[in-house]
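A.B. asks: Structure provided below as structure tokens; questions to follow.
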Amino acid sequence: MTETKAPTLAQQKKEELFLQRTNGYDVLTQEDREAMERYCTAYKHFLDEGKTERECVSYAVALAQQAGFRPLERGAVLNPGDKVYRSNRGKGLMLAVIGSKPLSQGAAIAAAHIDSPRLDLKQNPLYEEKELAYCKTHYYGGIKKYQWTTIPLALHGLVVLRDGTQVPIRIGEEPGDPQFTVGDLLPHLAADQGKKTMGDIVKAEQLNLFVGSVPLGEKGESDRVKLGVLDLLHEKYGMVEEDFLSAELMAVPAAKAVDIGLDRSVIGAYGQDDRVCAFACLQALLDLEGTPETTAVCVLADKEEVGSLGVTGMQSAAFDVFMSDLCQAQGVPLKSCYESALCLSADVTAAYDPNFADAYESRNSAYFNYGVCISKYTGARGKSGASDASAELVGRLRRLFAQHGVLWQLAELGKTDQGGGGTVACYLANRNIDTIDAGVPVLSMHAPFETTAKLDCYMTYKAMTALYHS
């Protein structure tokens, strides 16, 4: 029988003093694994149903109403345990569960964004060239343009007709639906293209969506293919070309959310930045039982990928108005609530990718299966654009996550001089709210097909649940 050696003094001190990083699968219980799979199944459905911010809001409102939430009316009387929501023009959403403590003692806020990089159709998009019909696009958010060629795309959005009728568009998602694509140059003729830099391989004005090739009318007449496309749109949706002027149409990847890997440990889908965190914030709030001590608030904002501007972005006063209406119901000044509030800016971060190790600083990177990632600061290079949370706030989260069994890690986006990125954290912090970034590590961020680890998705949900119970 082999005798087990007692740990040396050095080994004991290492265990006591060194930072211990833990792969979640080394500590995950069978019960947690089953809960994780149930959660991720619901999350994948959310991804398939919500490929635009409008669709995310519509889906989330339906879930909220099923969970007993009601629209927040201005001047309404609110009692502990009440569940309310407000849609911001159908493209943003704010929800709250009123706590037993007054709002003068703060709120627990989880803020995420539900917009993702995509190809927006221009306002005058449809044209014909050499008897092929295309739609001009304007890319939205930070993308590698070449990644959006030669993949199946679906068309989503809203058209407002001349008489004010609103027509939702969703083409390419159902079996039998037509789909769309942006072409690329064949390698046999790409000698000149191969000499270009990554940003110039495909130019913005080449991201043209193919929509048809069958002519309508007599031989020799002009724009017969364009006419054929417009005739189909008019027949099904009542559209004429002028209606593109009052439309929000976007091309998004048509692929469904799927499990990746033989062990099914990873989710692959479009739009996980930042719907993976948005769903965690939403579902954790919907699952709250009873009355929380602190009022729990979920914010799903638009326009983060283009600077959080506009009436539906996080810089809008819409959030302040919502919180002010909550505070007014208790006779509490908004500033008193903000200065005592805690916010998790729920946004994704970059997962370490061994295939591109030179872009990462391995000691301070996020890893798959190590849990929700806390980012003390984001920004670019010299922390430009970062809110940079305090040591006290990080310490508070350490205690909170330990109390609720949340597996977590702390990391930066990548090497300091490689670039960087931002979140909505700075806009919440500017309101005098203690704010820190927390979210899921992602591989291939901003690509048409992103990947996340199921364990990290689930731990982010647990982190938001812990926040709402803080």
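Residues are referred to by chain and number: the chain letter is A, B, ... according to the order shown in the structure tokens, the number counts from 1 in that chain, and ligands are numbered separately from 1 in the order shown.
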Using only C-alpha atoms, which residues of segment 106-204 of chain A come within 12 Å of segment 85-101 of chain A, and what is the closest atom pair for each, with the distance in Å to one decimal? Give it as a Markdown table, sorted by chain and residue number.

C.D. replies:
```
| residue | atom | partner | partner_atom | distance |
| --- | --- | --- | --- | --- |
| A:Gly106 | CA | A:Lys101 | CA | 8.5 |
| A:Ala107 | CA | A:Gly99 | CA | 8.4 |
| A:Ala108 | CA | A:Ala96 | CA | 9.6 |
| A:Ile109 | CA | A:Ala96 | CA | 9.0 |
| A:Ala110 | CA | A:Met94 | CA | 10.0 |
| A:Ala111 | CA | A:Met94 | CA | 9.1 |
| A:Ala112 | CA | A:Leu93 | CA | 10.2 |
| A:His113 | CA | A:Gly92 | CA | 8.4 |
| A:Ile114 | CA | A:Gly92 | CA | 7.9 |
| A:Asp115 | CA | A:Lys91 | CA | 8.9 |
| A:Gly157 | CA | A:Lys91 | CA | 11.4 |
| A:Leu158 | CA | A:Gly90 | CA | 11.1 |
```

A.B. asks: Assign secondary structure with DSSP using the backbone only, and return the residues of segment 167-264 of chain A in strand (DSSP E or B) as a short mmCIF file (atom, residue, chain, number, x, y, z; two decimals) with N, CA, C and O atoms, in the first residue's frame.

C.D. replies:
```cif
data_model
loop_
_atom_site.label_atom_id
_atom_site.label_comp_id
_atom_site.auth_asym_id
_atom_site.auth_seq_id
_atom_site.Cartn_x
_atom_site.Cartn_y
_atom_site.Cartn_z
N VAL A 167 -45.29 46.95 -40.80
CA VAL A 167 -45.21 45.59 -41.33
C VAL A 167 -43.91 44.95 -40.86
O VAL A 167 -42.82 45.35 -41.28
N PRO A 168 -43.97 43.96 -39.98
CA PRO A 168 -42.75 43.26 -39.57
C PRO A 168 -42.25 42.35 -40.70
O PRO A 168 -43.04 41.73 -41.42
N ILE A 169 -40.93 42.28 -40.83
CA ILE A 169 -40.31 41.46 -41.87
C ILE A 169 -39.40 40.43 -41.20
O ILE A 169 -38.59 40.77 -40.33
N ARG A 170 -39.54 39.19 -41.60
CA ARG A 170 -38.66 38.12 -41.10
C ARG A 170 -38.61 37.04 -42.18
O ARG A 170 -39.47 36.16 -42.24
N ILE A 171 -37.61 37.11 -43.03
CA ILE A 171 -37.49 36.20 -44.17
C ILE A 171 -36.17 35.44 -44.06
O ILE A 171 -35.10 36.04 -43.93
N PHE A 180 -30.51 34.91 -48.29
CA PHE A 180 -29.78 35.92 -49.04
C PHE A 180 -28.28 35.73 -48.81
O PHE A 180 -27.87 35.02 -47.89
N THR A 181 -27.48 36.40 -49.61
CA THR A 181 -26.04 36.29 -49.42
C THR A 181 -25.33 37.48 -50.03
O THR A 181 -25.88 38.19 -50.88
N VAL A 182 -24.10 37.71 -49.57
CA VAL A 182 -23.19 38.70 -50.15
C VAL A 182 -22.07 37.92 -50.81
O VAL A 182 -21.47 37.03 -50.19
N LEU A 209 -26.33 42.87 -50.95
CA LEU A 209 -27.12 41.68 -50.70
C LEU A 209 -27.84 41.24 -51.97
O LEU A 209 -28.63 41.99 -52.54
N PHE A 210 -27.56 40.01 -52.41
CA PHE A 210 -28.24 39.50 -53.61
C PHE A 210 -29.68 39.15 -53.27
O PHE A 210 -29.95 38.41 -52.31
N VAL A 211 -30.64 39.68 -54.09
CA VAL A 211 -32.06 39.45 -53.78
C VAL A 211 -32.86 38.89 -54.94
O VAL A 211 -34.02 38.51 -54.74
N GLY A 212 -32.30 38.78 -56.15
CA GLY A 212 -33.10 38.21 -57.22
C GLY A 212 -32.46 38.30 -58.59
O GLY A 212 -31.52 39.08 -58.81
N ALA A 247 -38.11 52.39 -43.42
CA ALA A 247 -37.93 51.00 -43.03
C ALA A 247 -36.64 50.83 -42.24
O ALA A 247 -35.68 51.58 -42.41
N GLU A 248 -36.65 49.89 -41.33
CA GLU A 248 -35.43 49.42 -40.66
C GLU A 248 -35.29 47.95 -40.99
O GLU A 248 -35.94 47.09 -40.38
N LEU A 249 -34.47 47.65 -41.98
CA LEU A 249 -34.27 46.27 -42.43
C LEU A 249 -32.80 45.91 -42.28
O LEU A 249 -31.92 46.72 -42.59
N MET A 250 -32.55 44.71 -41.82
CA MET A 250 -31.17 44.30 -41.56
C MET A 250 -30.97 42.85 -41.97
O MET A 250 -31.86 42.01 -41.81
N ALA A 251 -29.79 42.59 -42.52
CA ALA A 251 -29.40 41.22 -42.87
C ALA A 251 -28.60 40.65 -41.71
O ALA A 251 -27.61 41.24 -41.27
N VAL A 252 -29.04 39.50 -41.21
CA VAL A 252 -28.38 38.83 -40.10
C VAL A 252 -28.15 37.38 -40.49
O VAL A 252 -28.84 36.84 -41.35
N PRO A 253 -27.17 36.71 -39.87
CA PRO A 253 -26.92 35.31 -40.20
C PRO A 253 -28.16 34.45 -39.98
O PRO A 253 -28.87 34.60 -38.98
N VAL A 258 -26.63 26.43 -31.95
CA VAL A 258 -26.36 24.99 -31.88
C VAL A 258 -25.32 24.70 -30.81
O VAL A 258 -24.59 25.60 -30.36
N ASP A 259 -25.24 23.43 -30.41
CA ASP A 259 -24.16 22.97 -29.55
C ASP A 259 -22.92 22.72 -30.39
O ASP A 259 -23.02 22.19 -31.51
N ILE A 260 -21.77 23.06 -29.85
CA ILE A 260 -20.49 22.90 -30.55
C ILE A 260 -19.62 21.93 -29.75
O ILE A 260 -19.56 22.01 -28.51
#
```

A.B. asks: Check the smallest atom-to-atom distance from each of A:Glu305, A:Glu339, A:Glu34, A:Asp231 to Ile433 of chain A using only C-alpha atoms, then report the winner.

C.D. replies: A:Glu339

A.B. asks: How close does each residue of segment 279-365 of chain A get to segment 64-75 of chain A, giving the shortest atom pair and distance in Å to one decimal for every residue with an atom at most 8 Å away, counting only C-alpha atoms, sorted by chain and residue number, as a tab-separated table?

C.D. replies:
```
residue	atom	partner	partner_atom	distance
A:Leu286	CA	A:Ala67	CA	6.2
A:Asp325	CA	A:Arg74	CA	6.2
A:Gln328	CA	A:Gly75	CA	7.5
A:Ala329	CA	A:Gly75	CA	6.5
```

A.B. asks: Using only C-alpha atoms, determine which residues lie at most 7 Å from segment 42-53 of chain A, disregarding the query and same-chain residues fewer than 4 positions distant; provide the list as an mmCIF file with all heavy atoms, in the first residue's frame.

C.D. replies:
```cif
data_model
loop_
_atom_site.group_PDB
_atom_site.id
_atom_site.type_symbol
_atom_site.label_atom_id
_atom_site.label_comp_id
_atom_site.auth_asym_id
_atom_site.auth_seq_id
_atom_site.Cartn_x
_atom_site.Cartn_y
_atom_site.Cartn_z
ATOM 1 N N ARG A 38 -30.608 23.020 -18.804
ATOM 2 C CA ARG A 38 -31.950 23.598 -18.938
ATOM 3 C C ARG A 38 -31.869 25.085 -19.262
ATOM 4 O O ARG A 38 -32.594 25.593 -20.135
ATOM 5 C CB ARG A 38 -32.754 23.388 -17.653
ATOM 6 C CG ARG A 38 -33.178 21.956 -17.396
ATOM 7 C CD ARG A 38 -34.231 21.887 -16.294
ATOM 8 N NE ARG A 38 -33.731 22.408 -15.026
ATOM 9 C CZ ARG A 38 -33.127 21.661 -14.104
ATOM 10 N NH1 ARG A 38 -32.925 20.379 -14.311
ATOM 11 N NH2 ARG A 38 -32.728 22.203 -12.957
ATOM 12 N N VAL A 57 -36.857 42.507 -27.534
ATOM 13 C CA VAL A 57 -37.803 43.190 -26.652
ATOM 14 C C VAL A 57 -39.157 42.502 -26.694
ATOM 15 O O VAL A 57 -39.790 42.249 -25.650
ATOM 16 C CB VAL A 57 -37.936 44.677 -27.030
ATOM 17 C CG1 VAL A 57 -39.109 45.325 -26.307
ATOM 18 C CG2 VAL A 57 -36.643 45.419 -26.704
ATOM 19 N N TYR A 59 -39.880 39.406 -27.406
ATOM 20 C CA TYR A 59 -39.791 38.105 -26.745
ATOM 21 C C TYR A 59 -39.693 38.282 -25.232
ATOM 22 O O TYR A 59 -40.349 37.567 -24.459
ATOM 23 C CB TYR A 59 -38.569 37.354 -27.278
ATOM 24 C CG TYR A 59 -38.460 35.919 -26.808
ATOM 25 C CD1 TYR A 59 -39.241 34.922 -27.382
ATOM 26 C CD2 TYR A 59 -37.566 35.563 -25.802
ATOM 27 C CE1 TYR A 59 -39.130 33.609 -26.957
ATOM 28 C CE2 TYR A 59 -37.461 34.255 -25.367
ATOM 29 C CZ TYR A 59 -38.240 33.275 -25.962
ATOM 30 O OH TYR A 59 -38.148 31.978 -25.534
ATOM 31 N N LYS A 91 -37.429 48.989 -28.737
ATOM 32 C CA LYS A 91 -36.047 48.605 -29.032
ATOM 33 C C LYS A 91 -35.173 48.545 -27.782
ATOM 34 O O LYS A 91 -33.989 48.210 -27.856
ATOM 35 C CB LYS A 91 -35.451 49.577 -30.045
ATOM 36 C CG LYS A 91 -36.200 49.588 -31.366
ATOM 37 C CD LYS A 91 -35.757 50.716 -32.281
ATOM 38 C CE LYS A 91 -34.401 50.457 -32.871
ATOM 39 N NZ LYS A 91 -34.037 51.486 -33.870
ATOM 40 N N ILE A 114 -28.751 44.703 -26.361
ATOM 41 C CA ILE A 114 -29.377 43.679 -27.191
ATOM 42 C C ILE A 114 -29.197 43.945 -28.678
ATOM 43 O O ILE A 114 -29.791 43.251 -29.513
ATOM 44 C CB ILE A 114 -30.873 43.534 -26.851
ATOM 45 C CG1 ILE A 114 -31.575 44.888 -26.812
ATOM 46 C CG2 ILE A 114 -31.047 42.796 -25.525
ATOM 47 C CD1 ILE A 114 -33.076 44.816 -26.559
ATOM 48 N N ASP A 115 -28.374 44.931 -29.039
ATOM 49 C CA ASP A 115 -28.031 45.119 -30.445
ATOM 50 C C ASP A 115 -26.741 44.365 -30.742
ATOM 51 O O ASP A 115 -25.928 44.147 -29.852
ATOM 52 C CB ASP A 115 -27.887 46.595 -30.790
ATOM 53 C CG ASP A 115 -26.795 47.298 -29.989
ATOM 54 O OD1 ASP A 115 -26.713 47.052 -28.762
ATOM 55 O OD2 ASP A 115 -26.014 48.069 -30.572
ATOM 56 N N LYS A 256 -29.018 28.829 -36.972
ATOM 57 C CA LYS A 256 -29.632 28.681 -35.665
ATOM 58 C C LYS A 256 -28.555 28.444 -34.606
ATOM 59 O O LYS A 256 -27.433 28.040 -34.904
ATOM 60 C CB LYS A 256 -30.604 27.492 -35.667
ATOM 61 C CG LYS A 256 -31.697 27.565 -36.707
ATOM 62 C CD LYS A 256 -32.663 28.702 -36.449
ATOM 63 C CE LYS A 256 -33.836 28.654 -37.425
ATOM 64 N NZ LYS A 256 -34.763 29.785 -37.238
ATOM 65 N N ALA A 257 -28.913 28.683 -33.357
ATOM 66 C CA ALA A 257 -28.015 28.397 -32.236
ATOM 67 C C ALA A 257 -27.865 26.885 -32.090
ATOM 68 O O ALA A 257 -28.855 26.150 -32.111
ATOM 69 C CB ALA A 257 -28.562 29.000 -30.947
ATOM 70 N N GLY A 271 -24.927 36.788 -32.578
ATOM 71 C CA GLY A 271 -25.497 37.777 -31.667
ATOM 72 C C GLY A 271 -25.292 37.491 -30.195
ATOM 73 O O GLY A 271 -25.977 38.086 -29.361
ATOM 74 N N PHE A 279 -29.801 37.862 -21.700
ATOM 75 C CA PHE A 279 -30.694 36.790 -21.267
ATOM 76 C C PHE A 279 -30.437 36.434 -19.812
ATOM 77 O O PHE A 279 -31.383 36.161 -19.056
ATOM 78 C CB PHE A 279 -30.516 35.556 -22.150
ATOM 79 C CG PHE A 279 -31.496 34.462 -21.827
ATOM 80 C CD1 PHE A 279 -32.830 34.591 -22.161
ATOM 81 C CD2 PHE A 279 -31.078 33.308 -21.181
ATOM 82 C CE1 PHE A 279 -33.748 33.586 -21.853
ATOM 83 C CE2 PHE A 279 -31.977 32.298 -20.864
ATOM 84 C CZ PHE A 279 -33.325 32.434 -21.212
ATOM 85 N N ASP A 302 -30.270 49.437 -26.341
ATOM 86 C CA ASP A 302 -29.943 49.397 -27.769
ATOM 87 C C ASP A 302 -28.696 50.254 -28.019
ATOM 88 O O ASP A 302 -28.224 50.971 -27.139
ATOM 89 C CB ASP A 302 -31.153 49.932 -28.548
ATOM 90 C CG ASP A 302 -30.986 49.873 -30.048
ATOM 91 O OD1 ASP A 302 -30.184 49.059 -30.546
ATOM 92 O OD2 ASP A 302 -31.672 50.644 -30.744
#
```

A.B. asks: In Å, rounded to a single decimal, give me how far atom CA of Tyr367 of chain A is from atom CA of Tyr352 of chain A.

C.D. replies: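 Interatomic distance here is 5.5 Å.
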
A.B. asks: As a compact mmCIF listing (two decimals) with N, CA and C atoms, in the first residue's frame, please: every residue in segment 234-469 of chain A that DSSP puts in helix (DSSP H, G or I).

C.D. replies:
```txt
# COMPACT_ATOMS: atom_id res chain seq x y z
N HIS A 234 -44.45 43.75 -52.96
CA HIS A 234 -45.77 44.38 -52.94
C HIS A 234 -46.85 43.34 -52.71
N GLU A 235 -46.70 42.20 -53.35
CA GLU A 235 -47.72 41.15 -53.23
C GLU A 235 -47.80 40.63 -51.80
N LYS A 236 -46.66 40.45 -51.14
CA LYS A 236 -46.67 39.85 -49.80
C LYS A 236 -46.79 40.87 -48.69
N TYR A 237 -46.17 42.05 -48.85
CA TYR A 237 -46.11 43.01 -47.75
C TYR A 237 -46.78 44.35 -48.06
N GLU A 241 -41.41 50.88 -53.62
CA GLU A 241 -40.02 51.24 -53.39
C GLU A 241 -39.87 52.39 -52.40
N GLU A 242 -40.81 53.33 -52.40
CA GLU A 242 -40.74 54.47 -51.51
C GLU A 242 -40.76 54.03 -50.04
N ASP A 243 -41.35 52.88 -49.75
CA ASP A 243 -41.46 52.42 -48.36
C ASP A 243 -40.13 52.03 -47.75
N PHE A 244 -39.11 51.82 -48.57
CA PHE A 244 -37.78 51.59 -48.01
C PHE A 244 -37.29 52.81 -47.22
N LEU A 245 -37.82 53.99 -47.57
CA LEU A 245 -37.38 55.21 -46.90
C LEU A 245 -37.77 55.21 -45.42
N SER A 246 -38.86 54.54 -45.08
CA SER A 246 -39.29 54.48 -43.68
C SER A 246 -39.24 53.03 -43.20
N GLN A 272 -24.35 36.63 -29.85
CA GLN A 272 -24.15 36.35 -28.42
C GLN A 272 -23.56 37.55 -27.69
N ASP A 273 -22.88 38.42 -28.40
CA ASP A 273 -22.49 39.73 -27.88
C ASP A 273 -23.63 40.70 -28.22
N ASP A 274 -24.53 41.02 -27.31
CA ASP A 274 -24.41 40.75 -25.90
C ASP A 274 -25.65 40.04 -25.38
N ARG A 275 -26.31 39.30 -26.26
CA ARG A 275 -27.56 38.67 -25.82
C ARG A 275 -27.32 37.56 -24.82
N VAL A 276 -26.09 37.06 -24.76
CA VAL A 276 -25.79 36.05 -23.74
C VAL A 276 -25.90 36.65 -22.34
N CYS A 277 -25.49 37.91 -22.18
CA CYS A 277 -25.61 38.58 -20.89
C CYS A 277 -27.01 39.14 -20.69
N ALA A 278 -27.62 39.62 -21.78
CA ALA A 278 -28.98 40.15 -21.68
C ALA A 278 -29.93 39.08 -21.18
N PHE A 279 -29.80 37.86 -21.70
CA PHE A 279 -30.69 36.79 -21.27
C PHE A 279 -30.44 36.43 -19.81
N ALA A 280 -29.18 36.45 -19.39
CA ALA A 280 -28.86 36.16 -17.98
C ALA A 280 -29.51 37.18 -17.06
N CYS A 281 -29.42 38.47 -17.41
CA CYS A 281 -30.03 39.53 -16.61
C CYS A 281 -31.55 39.36 -16.55
N LEU A 282 -32.14 39.08 -17.71
CA LEU A 282 -33.59 38.94 -17.79
C LEU A 282 -34.08 37.72 -17.03
N GLN A 283 -33.49 36.56 -17.31
CA GLN A 283 -33.99 35.32 -16.71
C GLN A 283 -33.81 35.31 -15.20
N ALA A 284 -32.70 35.88 -14.73
CA ALA A 284 -32.48 35.95 -13.28
C ALA A 284 -33.57 36.78 -12.61
N LEU A 285 -33.99 37.86 -13.27
CA LEU A 285 -35.04 38.70 -12.71
C LEU A 285 -36.39 37.98 -12.74
N LEU A 286 -36.68 37.31 -13.85
CA LEU A 286 -37.95 36.59 -13.96
C LEU A 286 -38.04 35.45 -12.94
N GLU A 304 -25.46 49.99 -28.27
CA GLU A 304 -24.14 49.93 -27.65
C GLU A 304 -23.04 49.79 -28.69
N GLU A 305 -23.33 49.04 -29.75
CA GLU A 305 -22.29 48.78 -30.76
C GLU A 305 -21.92 50.03 -31.56
N VAL A 306 -22.71 51.09 -31.43
CA VAL A 306 -22.39 52.34 -32.14
C VAL A 306 -22.30 53.51 -31.17
N ALA A 318 -33.90 57.88 -21.06
CA ALA A 318 -35.00 56.94 -20.85
C ALA A 318 -34.81 56.15 -19.56
N PHE A 319 -33.58 55.73 -19.28
CA PHE A 319 -33.31 54.99 -18.04
C PHE A 319 -33.56 55.87 -16.82
N ASP A 320 -33.13 57.12 -16.88
CA ASP A 320 -33.34 58.04 -15.76
C ASP A 320 -34.83 58.28 -15.51
N VAL A 321 -35.59 58.37 -16.59
CA VAL A 321 -37.03 58.59 -16.45
C VAL A 321 -37.68 57.37 -15.77
N PHE A 322 -37.28 56.18 -16.20
CA PHE A 322 -37.82 54.96 -15.60
C PHE A 322 -37.49 54.90 -14.12
N MET A 323 -36.24 55.14 -13.77
CA MET A 323 -35.84 55.09 -12.37
C MET A 323 -36.48 56.22 -11.56
N SER A 324 -36.64 57.37 -12.19
CA SER A 324 -37.28 58.50 -11.52
C SER A 324 -38.73 58.19 -11.19
N ASP A 325 -39.42 57.50 -12.12
CA ASP A 325 -40.81 57.12 -11.86
C ASP A 325 -40.90 56.12 -10.72
N LEU A 326 -39.93 55.20 -10.63
CA LEU A 326 -39.90 54.27 -9.50
C LEU A 326 -39.68 55.03 -8.19
N CYS A 327 -38.73 55.94 -8.22
CA CYS A 327 -38.40 56.70 -7.01
C CYS A 327 -39.54 57.61 -6.58
N GLN A 328 -40.20 58.22 -7.57
CA GLN A 328 -41.30 59.14 -7.26
C GLN A 328 -42.42 58.42 -6.52
N LEU A 334 -34.08 60.83 -6.96
CA LEU A 334 -33.35 59.92 -7.83
C LEU A 334 -31.88 59.84 -7.47
N LYS A 335 -31.28 60.99 -7.11
CA LYS A 335 -29.85 61.01 -6.80
C LYS A 335 -29.55 60.17 -5.57
N SER A 336 -30.48 60.08 -4.64
CA SER A 336 -30.26 59.25 -3.45
C SER A 336 -30.21 57.78 -3.81
N CYS A 337 -31.07 57.40 -4.76
CA CYS A 337 -31.06 56.02 -5.22
C CYS A 337 -29.76 55.69 -5.94
N TYR A 338 -29.35 56.57 -6.86
CA TYR A 338 -28.16 56.30 -7.65
C TYR A 338 -26.90 56.17 -6.79
N GLU A 339 -26.74 57.04 -5.82
CA GLU A 339 -25.49 57.04 -5.07
C GLU A 339 -25.36 55.83 -4.15
N PRO A 354 -6.06 30.02 -28.07
CA PRO A 354 -4.70 29.52 -28.31
C PRO A 354 -4.24 29.69 -29.74
N ASN A 355 -5.18 29.77 -30.70
CA ASN A 355 -4.80 29.94 -32.10
C ASN A 355 -4.27 31.33 -32.40
N PHE A 356 -4.57 32.29 -31.53
CA PHE A 356 -4.13 33.67 -31.72
C PHE A 356 -3.52 34.20 -30.42
N ALA A 357 -2.65 33.38 -29.83
CA ALA A 357 -2.12 33.67 -28.49
C ALA A 357 -1.37 34.99 -28.43
N ASP A 358 -0.81 35.44 -29.54
CA ASP A 358 -0.01 36.67 -29.53
C ASP A 358 -0.84 37.91 -29.20
N ALA A 359 -2.16 37.84 -29.34
CA ALA A 359 -3.01 39.00 -29.07
C ALA A 359 -3.40 39.09 -27.60
N SER A 362 -1.64 36.16 -21.24
CA SER A 362 -2.25 34.96 -20.68
C SER A 362 -2.52 35.06 -19.18
N ARG A 363 -1.73 35.83 -18.45
CA ARG A 363 -1.94 35.93 -17.00
C ARG A 363 -3.21 36.70 -16.67
N ASN A 364 -3.67 37.53 -17.59
CA ASN A 364 -4.82 38.39 -17.32
C ASN A 364 -5.90 38.23 -18.38
N ALA A 391 -11.43 49.24 -5.92
CA ALA A 391 -11.06 48.01 -5.20
C ALA A 391 -12.16 47.60 -4.23
N GLU A 392 -12.82 48.59 -3.62
CA GLU A 392 -13.90 48.28 -2.69
C GLU A 392 -15.04 47.54 -3.39
N LEU A 393 -15.33 47.95 -4.63
CA LEU A 393 -16.42 47.32 -5.37
C LEU A 393 -16.06 45.88 -5.74
N VAL A 394 -14.82 45.67 -6.19
CA VAL A 394 -14.38 44.30 -6.49
C VAL A 394 -14.45 43.43 -5.25
N GLY A 395 -14.02 44.00 -4.12
CA GLY A 395 -14.10 43.25 -2.87
C GLY A 395 -15.52 42.88 -2.50
N ARG A 396 -16.45 43.79 -2.75
CA ARG A 396 -17.86 43.52 -2.47
C ARG A 396 -18.36 42.35 -3.32
N LEU A 397 -17.95 42.33 -4.59
CA LEU A 397 -18.38 41.24 -5.47
C LEU A 397 -17.77 39.92 -5.05
N ARG A 398 -16.51 39.94 -4.62
CA ARG A 398 -15.88 38.71 -4.15
C ARG A 398 -16.70 38.06 -3.04
N ARG A 399 -17.13 38.86 -2.11
CA ARG A 399 -17.91 38.33 -0.99
C ARG A 399 -19.29 37.86 -1.46
N LEU A 400 -19.91 38.63 -2.35
CA LEU A 400 -21.23 38.29 -2.84
C LEU A 400 -21.21 36.97 -3.61
N PHE A 401 -20.23 36.81 -4.51
CA PHE A 401 -20.15 35.60 -5.32
C PHE A 401 -19.81 34.38 -4.47
N ALA A 402 -18.96 34.57 -3.48
CA ALA A 402 -18.63 33.46 -2.58
C ALA A 402 -19.87 33.00 -1.82
N GLN A 403 -20.68 33.96 -1.41
CA GLN A 403 -21.90 33.65 -0.65
C GLN A 403 -22.90 32.85 -1.49
N HIS A 404 -22.93 33.11 -2.80
CA HIS A 404 -23.93 32.47 -3.66
C HIS A 404 -23.35 31.37 -4.56
N THR A 416 -2.46 45.10 -23.93
CA THR A 416 -2.80 46.52 -23.77
C THR A 416 -2.74 47.29 -25.08
N ASP A 417 -1.70 47.10 -25.87
CA ASP A 417 -1.52 47.88 -27.09
C ASP A 417 -2.18 47.26 -28.32
N GLN A 418 -2.89 46.16 -28.15
CA GLN A 418 -3.54 45.51 -29.30
C GLN A 418 -4.82 46.22 -29.71
N ALA A 425 -20.75 50.48 -19.19
CA ALA A 425 -20.37 50.73 -17.79
C ALA A 425 -20.12 52.21 -17.52
N CYS A 426 -19.40 52.87 -18.43
CA CYS A 426 -19.04 54.27 -18.17
C CYS A 426 -20.28 55.17 -18.10
N TYR A 427 -21.35 54.81 -18.82
CA TYR A 427 -22.55 55.65 -18.82
C TYR A 427 -23.36 55.46 -17.54
N LEU A 428 -23.31 54.26 -16.97
CA LEU A 428 -23.93 54.06 -15.66
C LEU A 428 -23.10 54.72 -14.58
N ALA A 429 -21.77 54.60 -14.66
CA ALA A 429 -20.89 55.21 -13.67
C ALA A 429 -21.02 56.73 -13.69
N LYS A 454 -21.01 26.86 -22.17
CA LYS A 454 -22.26 26.75 -21.41
C LYS A 454 -22.04 27.05 -19.93
N LEU A 455 -20.94 26.57 -19.38
CA LEU A 455 -20.68 26.78 -17.96
C LEU A 455 -20.60 28.26 -17.63
N ASP A 456 -19.93 29.03 -18.49
CA ASP A 456 -19.80 30.48 -18.25
C ASP A 456 -21.14 31.18 -18.40
N CYS A 457 -21.97 30.72 -19.36
CA CYS A 457 -23.31 31.30 -19.52
C CYS A 457 -24.12 31.10 -18.24
N TYR A 458 -24.06 29.89 -17.71
CA TYR A 458 -24.84 29.57 -16.51
C TYR A 458 -24.32 30.33 -15.30
N MET A 459 -23.01 30.46 -15.18
CA MET A 459 -22.44 31.18 -14.04
C MET A 459 -22.76 32.67 -14.12
N THR A 460 -22.92 33.19 -15.31
CA THR A 460 -23.33 34.59 -15.45
C THR A 460 -24.77 34.76 -14.98
N TYR A 461 -25.61 33.80 -15.28
CA TYR A 461 -26.98 33.80 -14.75
C TYR A 461 -26.95 33.76 -13.22
N LYS A 462 -26.10 32.91 -12.64
CA LYS A 462 -26.00 32.83 -11.19
C LYS A 462 -25.47 34.14 -10.60
N ALA A 463 -24.56 34.80 -11.34
CA ALA A 463 -24.02 36.08 -10.87
C ALA A 463 -25.12 37.14 -10.82
N MET A 464 -25.98 37.16 -11.84
CA MET A 464 -27.07 38.13 -11.86
C MET A 464 -28.11 37.82 -10.77
N THR A 465 -28.32 36.54 -10.52
CA THR A 465 -29.20 36.13 -9.43
C THR A 465 -28.64 36.62 -8.09
N ALA A 466 -27.33 36.47 -7.91
CA ALA A 466 -26.69 36.95 -6.68
C ALA A 466 -26.83 38.46 -6.54
N LEU A 467 -26.66 39.17 -7.66
CA LEU A 467 -26.81 40.64 -7.63
C LEU A 467 -28.19 41.03 -7.15
N TYR A 468 -29.22 40.39 -7.71
CA TYR A 468 -30.60 40.75 -7.35
C TYR A 468 -30.92 40.41 -5.89
```

A.B. asks: Any idea what the distance is between atom CA of Arg264 of chain A and atom CA of Glu37 of chain A?

C.D. replies: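 Pair atom CA of Arg264 of chain A / atom CA of Glu37 of chain A returns 10.0 Å.
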
A.B. asks: Compile the contact shell of segment 370-380 of chain A as a ChimeraX atom specification: residues with an atom at most 8 Å away, counting only C-alpha atoms, same-chain residues fewer than 5 positions apart removed.

C.D. replies: /A:21-24,349,385-390,394,406-413,416-417,419-423,436-441,455-457,459-460,463

A.B. asks: Excluding same-chain residues fewer than 3 positions from Gln147 of chain A, what lies within 9 Å of it counting only C-alpha atoms, as a list in words?

C.D. replies: Ile143, Lys144, Thr150, Ile151, Ala447 and Pro448 of chain A
